[in-house]
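Trainee: My structure is in final-v8.txt, and what it holds is compact mmCIF, C-alpha atoms:
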```txt
# COMPACT_ATOMS: atom_id res chain seq x y z
CA MET N 1 0.00 0.00 0.00
CA THR N 2 2.81 2.39 0.95
CA LYS N 3 4.64 1.51 -2.23
CA LEU N 4 1.53 2.27 -4.24
CA LEU N 5 1.10 5.65 -2.56
CA GLU N 6 4.75 6.46 -3.19
CA THR N 7 4.45 5.58 -6.87
CA MET N 8 1.25 7.61 -7.16
CA THR N 9 2.99 10.62 -5.63
CA TYR N 10 5.93 10.22 -8.02
CA ASN N 11 3.60 10.01 -10.98
CA ALA N 12 1.60 13.04 -9.92
CA PHE N 13 4.64 15.22 -9.34
CA ILE N 14 6.44 14.09 -12.48
CA ALA N 15 3.38 15.01 -14.53
CA LEU N 16 3.07 18.31 -12.66
CA GLY N 17 6.74 19.12 -13.29
CA VAL N 18 6.51 18.29 -16.95
CA ILE N 19 3.58 20.65 -17.41
CA ILE N 20 4.92 23.55 -15.33
CA GLY N 21 8.54 23.30 -16.45
CA GLY N 22 7.69 22.60 -20.04
CA SER N 23 5.28 25.51 -20.26
CA LEU N 24 7.39 28.07 -18.38
CA ILE N 25 10.66 27.30 -20.10
CA GLY N 26 9.13 26.37 -23.43
CA SER N 27 7.45 29.75 -23.65
CA LEU N 28 10.91 31.39 -23.55
CA GLY N 29 11.45 29.96 -27.00
CA TYR N 30 8.20 31.48 -28.19
CA VAL N 31 9.25 34.86 -26.81
CA LEU N 32 12.55 34.65 -28.66
CA VAL N 33 10.76 34.22 -31.98
CA GLY N 34 8.30 37.05 -31.25
CA GLN N 35 5.24 35.12 -30.11
CA PRO N 36 3.12 36.10 -27.09
CA PRO N 37 4.37 34.28 -23.97
CA GLY N 38 1.08 34.03 -22.06
CA HIS N 39 -0.79 32.55 -24.94
CA SER N 40 2.05 30.15 -25.76
CA MET N 41 2.23 28.98 -22.13
CA VAL N 42 -1.42 27.99 -22.15
CA GLU N 43 -1.02 26.35 -25.53
CA LEU N 44 2.04 24.42 -24.37
CA ALA N 45 0.30 23.34 -21.16
CA GLU N 46 -2.56 21.94 -23.24
CA LYS N 47 -0.20 20.16 -25.64
CA LEU N 48 2.04 18.78 -22.90
CA LYS N 49 -0.81 17.42 -20.85
CA ILE N 50 -0.94 14.10 -22.64
CA TRP N 51 2.86 13.79 -22.61
CA ALA N 52 3.03 14.62 -18.93
CA PHE N 53 0.50 11.91 -18.33
CA VAL N 54 2.55 9.37 -20.30
CA THR N 55 5.81 10.47 -18.68
CA GLY N 56 4.23 10.15 -15.25
CA LEU N 57 3.36 6.58 -16.06
CA GLY N 58 6.96 5.80 -16.93
CA GLY N 59 6.82 6.38 -20.63
CA THR N 60 6.43 2.70 -21.45
CA TYR N 61 3.65 0.30 -22.13
CA GLU N 62 4.21 -1.52 -18.86
CA THR N 63 1.14 -0.06 -17.23
CA ILE N 64 -1.01 -0.96 -20.20
CA ARG N 65 0.45 -4.45 -20.26
CA ALA N 66 -0.18 -4.81 -16.56
CA ILE N 67 -3.79 -3.81 -17.06
CA GLU N 68 -4.11 -6.25 -19.91
CA ALA N 69 -2.54 -9.01 -17.81
CA GLY N 70 -4.80 -8.09 -14.92
CA PHE N 71 -7.90 -8.33 -17.05
CA LEU N 72 -6.91 -11.56 -18.72
CA GLY N 73 -5.73 -13.15 -15.48
CA LEU N 74 -8.73 -11.73 -13.62
CA GLN N 75 -6.38 -10.03 -11.15
CA LEU N 76 -8.57 -7.14 -10.16
CA ASN N 77 -6.00 -5.77 -7.70
CA THR N 78 -3.46 -5.17 -10.45
CA VAL N 79 -6.01 -3.46 -12.63
CA ILE N 80 -7.15 -1.16 -9.82
CA LYS N 81 -3.53 -0.39 -8.94
CA GLN N 82 -2.70 0.60 -12.47
CA LEU N 83 -5.84 2.68 -12.77
CA LEU N 84 -4.89 4.52 -9.58
CA LEU N 85 -1.44 5.23 -11.02
CA ILE N 86 -3.02 6.58 -14.17
CA PHE N 87 -5.38 8.68 -12.11
CA ALA N 88 -2.49 10.12 -10.06
CA ALA N 89 -0.63 11.07 -13.24
CA PHE N 90 -3.77 12.66 -14.59
CA ILE N 91 -4.29 14.66 -11.38
CA GLY N 92 -0.68 15.90 -11.52
CA ALA N 93 -0.94 16.89 -15.17
CA HIS N 94 -4.26 18.63 -14.74
CA THR N 95 -3.07 20.49 -11.62
CA GLY N 96 -0.08 21.74 -13.58
CA TYR N 97 -2.34 22.83 -16.39
CA LEU N 98 -4.64 24.72 -13.99
CA ILE N 99 -1.65 26.39 -12.32
CA ILE N 100 -0.40 27.62 -15.69
CA ILE N 101 -3.86 28.83 -16.67
CA HIS N 102 -4.16 30.85 -13.44
CA LEU N 103 -0.61 32.18 -13.64
CA THR N 104 -1.17 33.54 -17.10
CA GLY N 105 -4.50 35.06 -16.18
CA GLY N 106 -6.73 32.59 -17.96
CA LYS N 107 -7.18 31.65 -21.55
CA ILE N 108 -7.01 34.39 -24.12
CA ARG N 109 -10.30 34.39 -25.98
CA MET J 1 33.53 24.65 -11.78
CA LYS J 2 30.97 22.67 -13.75
CA LYS J 3 28.61 22.89 -10.85
CA GLU J 4 28.87 26.68 -10.80
CA ILE J 5 28.23 26.91 -14.53
CA ALA J 6 25.25 24.58 -14.22
CA THR J 7 23.92 26.65 -11.33
CA LEU J 8 24.41 29.83 -13.30
CA LEU J 9 22.55 28.37 -16.27
CA VAL J 10 19.70 27.19 -14.08
CA GLY J 11 19.59 30.65 -12.53
CA VAL J 12 19.49 32.32 -15.91
CA ILE J 13 16.75 30.01 -17.15
CA LEU J 14 14.72 30.34 -13.97
CA GLY J 15 15.15 34.10 -13.96
CA ALA J 16 14.09 34.36 -17.57
CA ALA J 17 11.13 32.06 -16.96
CA LEU J 18 10.00 34.09 -13.95
CA MET J 19 10.44 37.39 -15.75
CA ASN J 20 8.51 35.91 -18.63
CA LEU J 21 5.78 34.85 -16.26
CA PHE J 22 5.52 38.27 -14.63
CA LEU J 23 5.56 40.17 -17.90
CA CYS J 24 3.50 37.76 -19.97
CA LYS J 25 0.28 39.76 -19.67
CA GLN J 26 1.89 42.98 -20.83
CA ILE J 27 3.77 41.26 -23.63
CA ASP J 28 0.58 39.48 -24.73
CA GLN J 29 -1.26 42.80 -24.74
CA LEU J 30 1.47 44.43 -26.80
CA TYR J 31 1.48 41.51 -29.19
CA LEU J 32 -2.29 41.79 -29.64
CA GLU J 33 -2.01 45.51 -30.27
CA ARG J 34 0.76 44.94 -32.79
CA GLU J 35 -1.34 42.37 -34.62
CA LYS J 36 -4.36 44.71 -34.63
CA LEU J 37 -2.22 47.51 -36.00
CA LYS J 38 -0.83 45.21 -38.67
CA VAL J 39 -4.37 44.36 -39.77
CA GLU J 40 -5.36 48.03 -39.65
CA LEU J 41 -2.29 48.98 -41.68
CA TYR J 42 -3.07 46.32 -44.26
CA GLU J 43 -6.68 47.45 -44.56
CA THR J 44 -5.71 51.10 -44.83
CA THR J 45 -3.07 50.34 -47.46
CA GLU J 46 -5.58 48.35 -49.51
CA ARG J 47 -8.16 51.14 -49.19
CA LEU J 48 -5.57 53.68 -50.26
CA LYS J 49 -4.68 51.57 -53.31
CA LYS J 50 -8.35 51.36 -54.27
CA ILE J 51 -8.85 55.07 -53.78
CA ARG J 52 -5.81 55.80 -55.97
CA VAL J 53 -7.11 53.52 -58.72
CA GLN J 54 -10.55 55.12 -58.46
CA GLN J 55 -9.03 58.55 -58.57
CA GLN J 56 -7.12 57.66 -61.72
CA GLN J 57 -10.26 56.30 -63.34
CA ASN J 58 -12.41 59.23 -62.32
CA LYS J 59 -10.31 61.95 -63.89
CA LEU J 60 -12.04 65.19 -64.67
CA PHE J 61 -12.32 66.20 -68.30
CA VAL J 62 -13.42 69.45 -69.89
CA ARG J 63 -16.94 68.92 -71.16
CA GLU J 64 -18.24 72.37 -71.83
CA ILE J 65 -17.13 75.90 -72.59
CA GLU J 66 -18.95 78.89 -71.18
CA VAL J 67 -18.29 82.44 -72.31
CA ILE J 68 -19.38 85.40 -70.22
CA PHE J 69 -19.07 88.94 -71.52
CA LEU J 70 -18.61 91.64 -68.95
CA ASN J 71 -19.57 94.54 -71.24
CA GLU J 72 -22.56 96.66 -70.32
CA PRO J 73 -25.08 97.13 -71.85
CA LYS J 74 -25.43 93.74 -73.41
CA GLN J 75 -25.47 93.35 -77.19
CA ASN J 76 -27.06 89.96 -77.41
CA LEU J 77 -26.75 89.35 -81.11
CA LEU J 78 -23.12 90.42 -81.26
CA GLU J 79 -22.33 88.44 -78.17
CA ILE J 80 -23.87 85.31 -79.65
CA GLU J 81 -21.65 85.67 -82.70
CA LEU J 82 -18.59 86.34 -80.57
CA HIS J 83 -19.49 83.39 -78.39
CA LYS J 84 -19.63 81.13 -81.45
CA LYS J 85 -16.22 82.30 -82.65
CA ILE J 86 -14.63 81.95 -79.22
CA VAL J 87 -16.01 78.44 -78.76
CA GLU J 88 -14.63 77.54 -82.18
CA LEU J 89 -11.22 78.83 -81.12
CA ALA J 90 -11.20 77.04 -77.80
CA GLN J 91 -12.85 73.86 -79.09
CA ALA J 92 -9.62 71.89 -78.79
CA ILE J 93 -9.70 71.90 -75.02
CA ILE J 94 -12.93 69.92 -74.83
CA GLY J 95 -12.07 66.40 -73.79
CA THR J 96 -8.77 67.45 -72.26
CA GLU J 97 -8.08 66.42 -68.68
CA VAL J 98 -8.83 69.40 -66.42
CA GLU J 99 -5.39 69.21 -64.83
CA LYS J 100 -3.71 69.27 -68.22
CA VAL J 101 -5.53 72.22 -69.79
CA PRO J 102 -2.84 74.57 -71.18
CA HIS J 103 -4.25 77.66 -69.50
CA THR J 104 -1.46 80.02 -70.60
CA ILE J 105 -1.87 79.06 -74.24
CA ILE J 106 -5.63 79.43 -73.99
CA GLY J 107 -5.13 82.80 -72.35
CA HIS J 108 -2.84 84.01 -75.11
CA LEU J 109 -5.19 82.53 -77.69
CA LEU J 110 -8.06 84.73 -76.60
CA ASP J 111 -6.52 87.79 -75.01
CA GLN J 112 -5.95 90.70 -77.43
CA ARG J 113 -7.47 88.67 -80.22
CA LEU J 114 -9.24 90.28 -83.15
CA ILE J 115 -12.48 88.70 -84.19
CA GLU J 116 -14.50 89.73 -87.17
CA VAL J 117 -18.25 89.72 -86.87
CA ASN J 118 -20.50 91.01 -89.65
CA GLY J 119 -17.63 92.89 -91.26
CA LYS J 120 -16.61 94.58 -88.01
CA LYS J 121 -13.51 93.71 -86.04
CA PHE J 122 -13.63 93.29 -82.26
CA LEU J 123 -10.72 93.13 -79.88
CA LEU J 124 -11.10 90.69 -76.97
CA HIS J 125 -9.72 91.25 -73.47
CA LEU J 126 -9.59 88.13 -71.43
CA LYS J 127 -10.17 88.88 -67.74
CA THR J 128 -10.47 85.49 -66.12
CA ILE J 129 -10.42 81.81 -66.99
CA ILE J 130 -12.05 79.27 -64.71
CA ILE J 131 -10.81 75.82 -65.53
CA ALA J 132 -13.08 73.02 -64.44
CA GLU J 133 -15.29 70.48 -66.19
CA LYS J 134 -17.03 73.58 -67.51
CA VAL J 135 -14.35 76.04 -68.62
CA THR J 136 -15.51 79.62 -68.20
CA PHE J 137 -14.02 82.62 -69.98
CA LEU J 138 -14.79 86.07 -68.64
CA LEU J 139 -14.14 88.59 -71.42
CA LYS J 140 -14.55 92.14 -72.45
CA TYR J 141 -14.61 93.26 -76.05
CA GLU J 142 -14.20 96.50 -77.92
CA THR J 143 -14.23 97.55 -81.53
CA ALA J 144 -10.88 97.22 -83.16
CA ASP J 145 -10.54 100.98 -83.80
CA GLY J 146 -9.99 101.44 -80.08
CA GLN J 147 -13.44 102.68 -79.12
CA SER J 148 -15.20 100.63 -76.55
CA ASP J 149 -18.29 99.06 -77.94
CA GLU J 150 -20.37 99.96 -74.93
```
Starting from the coordinates I provided, produce the structure as structure tokens.
Mentor:
Amino acid sequence: MTKLLETMTYNAFIALGVIIGGSLIGSLGYVLVGQPPGHSMVELAEKLKIWAFVTGLGGTYETIRAIEAGFLGLQLNTVIKQLLLIFAAFIGAHTGYLIIIHLTGGKIR
Amino acid sequence: MKKEIATLLVGVILGAALMNLFLCKQIDQLYLEREKLKVELYETTERLKKIRVQQQQNKLFVREIEVIFLNEPKQNLLEIELHKKIVELAQAIIGTEVEKVPHTIIGHLLDQRLIEVNGKKFLLHLKTIIIAEKVTFLLKYETADGQSDE
């Protein structure tokens, strides 16, 4: 259980870091080529969300395989564990996205 | 040494990122304004081009000649004859672009000109030319022997 919580925390923070770091530092590149930084940050946060999620999960298909194995072997525990890890990564990525949105003052409409 | 350089680089990047974050609203606003101005400039330039083309197409041409005699009292019959002769003389300017009417030549053409009407000679004095779509000549005339025909 403790191991699971630890992994969930890792996943969440990795995803969070990918979104925040990627958006903040990535937008510097946009500024250098004359694009608006606020708008590019939000755009990057949106684009990076899926990658943050994947990175949080380890960037491999292991989780998917584990889910598959869990389903086929009827090991419900494994499936729930993997789903929780995915959920943690999603929470981290979405939190990062919301932080960026609020830092830049919301989406430019 | 490498550690210091790495720290410096991280500091630079973090500083730039933070500055970027603090200034992003202002920079975004300026960017938006710049884009709006670009669009406005483009529209204005296009409008100007169209106006120039229109202006070139809608050039003014001389369509009519009007002759006004300033002599008093009026001699209608004589003036009609003089009018006919003057219009004949200035006929060439009809159809000319208003801006390109050779006003000095027209002036010399009519001023101090002798015109014969019914066997009598009349000397014209051109007072004013108004050049527009309707060219107007304001003239005085006198008999050629020097006596005013008033």
Trainee: Can you tell me which residues surround J:His108 at a distance of at most 12 Å, considering only C-alpha atoms, apart from same-chain residues fewer than 2 positions away, and format the answer as an MDAnalysis selection string?
Mentor: chainID J and resid 89:90 102:106 110:113 124:129
Trainee: Please measure the separation of atom CA of J:Asn20 and atom CA of N:Gly38, giving the value in Å to one decimal.
Mentor: 8.4 Å
Trainee: Smallest atom-to-atom distance to N:Gly17: which of N:Pro36, N:Gly70, N:Gly105, N:Gly96, using all atoms listed in the file?
Mentor: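 Using all atoms listed in the file, N:Gly17 sits closest to N:Gly96.
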Trainee: Quick one: which residues from chain N are at most 7 Å off chain J, using all atoms listed in the file, as a ChimeraX atom specification?
Mentor: /N:24-25,28,36-38,104
Trainee: Go ahead and write the residues just picked, C-alpha atoms, as a PDB file, keeping the file's coordinate frame.
Mentor:
```pdb
ATOM      1  CA  LEU N  24       7.390  28.070 -18.380  1.00  0.00           C
ATOM      2  CA  ILE N  25      10.660  27.300 -20.100  1.00  0.00           C
ATOM      3  CA  LEU N  28      10.910  31.390 -23.550  1.00  0.00           C
ATOM      4  CA  PRO N  36       3.120  36.100 -27.090  1.00  0.00           C
ATOM      5  CA  PRO N  37       4.370  34.280 -23.970  1.00  0.00           C
ATOM      6  CA  GLY N  38       1.080  34.030 -22.060  1.00  0.00           C
ATOM      7  CA  THR N 104      -1.170  33.540 -17.100  1.00  0.00           C
TER       8      THR N 104
END
```
Trainee: Measure the distance from atom CA of N:Tyr30 to atom CA of N:Gly58 in Å and round it to one decimal.
Mentor: 28.1 Å
Trainee: Using only C-alpha atoms, which of J:Ile51, J:Ile68, J:Leu123, J:Leu77 sits nearest J:Val135?
Mentor: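 Counting only C-alpha atoms, the residue closest to J:Val135 is J:Ile68.
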Trainee: Atom CA of N:Leu48 and atom CA of N:Ile19 are how many Å apart?
Mentor: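 Atom CA of N:Ile19 lies 6.0 Å from atom CA of N:Leu48.
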Trainee: Hey, what's within 12 Å of J:Asn71 if we count all atoms listed in the file and toss same-chain stuff fewer than 4 positions away? As a PyMOL selection string, please?
Mentor: chain J and resi 75-76+78-79+124-127+138-143+148-150
Trainee: Generate a file for stretch 53-107 of chain J, containing C-alpha atoms, as a JSON list (two decimals), in the first residue's frame.
Mentor:
```json
[["chain", "number", "residue", "atom", "x", "y", "z"],
["J", 53, "VAL", "CA", -7.11, 53.52, -58.72],
["J", 54, "GLN", "CA", -10.55, 55.12, -58.46],
["J", 55, "GLN", "CA", -9.03, 58.55, -58.57],
["J", 56, "GLN", "CA", -7.12, 57.66, -61.72],
["J", 57, "GLN", "CA", -10.26, 56.30, -63.34],
["J", 58, "ASN", "CA", -12.41, 59.23, -62.32],
["J", 59, "LYS", "CA", -10.31, 61.95, -63.89],
["J", 60, "LEU", "CA", -12.04, 65.19, -64.67],
["J", 61, "PHE", "CA", -12.32, 66.20, -68.30],
["J", 62, "VAL", "CA", -13.42, 69.45, -69.89],
["J", 63, "ARG", "CA", -16.94, 68.92, -71.16],
["J", 64, "GLU", "CA", -18.24, 72.37, -71.83],
["J", 65, "ILE", "CA", -17.13, 75.90, -72.59],
["J", 66, "GLU", "CA", -18.95, 78.89, -71.18],
["J", 67, "VAL", "CA", -18.29, 82.44, -72.31],
["J", 68, "ILE", "CA", -19.38, 85.40, -70.22],
["J", 69, "PHE", "CA", -19.07, 88.94, -71.52],
["J", 70, "LEU", "CA", -18.61, 91.64, -68.95],
["J", 71, "ASN", "CA", -19.57, 94.54, -71.24],
["J", 72, "GLU", "CA", -22.56, 96.66, -70.32],
["J", 73, "PRO", "CA", -25.08, 97.13, -71.85],
["J", 74, "LYS", "CA", -25.43, 93.74, -73.41],
["J", 75, "GLN", "CA", -25.47, 93.35, -77.19],
["J", 76, "ASN", "CA", -27.06, 89.96, -77.41],
["J", 77, "LEU", "CA", -26.75, 89.35, -81.11],
["J", 78, "LEU", "CA", -23.12, 90.42, -81.26],
["J", 79, "GLU", "CA", -22.33, 88.44, -78.17],
["J", 80, "ILE", "CA", -23.87, 85.31, -79.65],
["J", 81, "GLU", "CA", -21.65, 85.67, -82.70],
["J", 82, "LEU", "CA", -18.59, 86.34, -80.57],
["J", 83, "HIS", "CA", -19.49, 83.39, -78.39],
["J", 84, "LYS", "CA", -19.63, 81.13, -81.45],
["J", 85, "LYS", "CA", -16.22, 82.30, -82.65],
["J", 86, "ILE", "CA", -14.63, 81.95, -79.22],
["J", 87, "VAL", "CA", -16.01, 78.44, -78.76],
["J", 88, "GLU", "CA", -14.63, 77.54, -82.18],
["J", 89, "LEU", "CA", -11.22, 78.83, -81.12],
["J", 90, "ALA", "CA", -11.20, 77.04, -77.80],
["J", 91, "GLN", "CA", -12.85, 73.86, -79.09],
["J", 92, "ALA", "CA", -9.62, 71.89, -78.79],
["J", 93, "ILE", "CA", -9.70, 71.90, -75.02],
["J", 94, "ILE", "CA", -12.93, 69.92, -74.83],
["J", 95, "GLY", "CA", -12.07, 66.40, -73.79],
["J", 96, "THR", "CA", -8.77, 67.45, -72.26],
["J", 97, "GLU", "CA", -8.08, 66.42, -68.68],
["J", 98, "VAL", "CA", -8.83, 69.40, -66.42],
["J", 99, "GLU", "CA", -5.39, 69.21, -64.83],
["J", 100, "LYS", "CA", -3.71, 69.27, -68.22],
["J", 101, "VAL", "CA", -5.53, 72.22, -69.79],
["J", 102, "PRO", "CA", -2.84, 74.57, -71.18],
["J", 103, "HIS", "CA", -4.25, 77.66, -69.50],
["J", 104, "THR", "CA", -1.46, 80.02, -70.60],
["J", 105, "ILE", "CA", -1.87, 79.06, -74.24],
["J", 106, "ILE", "CA", -5.63, 79.43, -73.99],
["J", 107, "GLY", "CA", -5.13, 82.80, -72.35]]
```
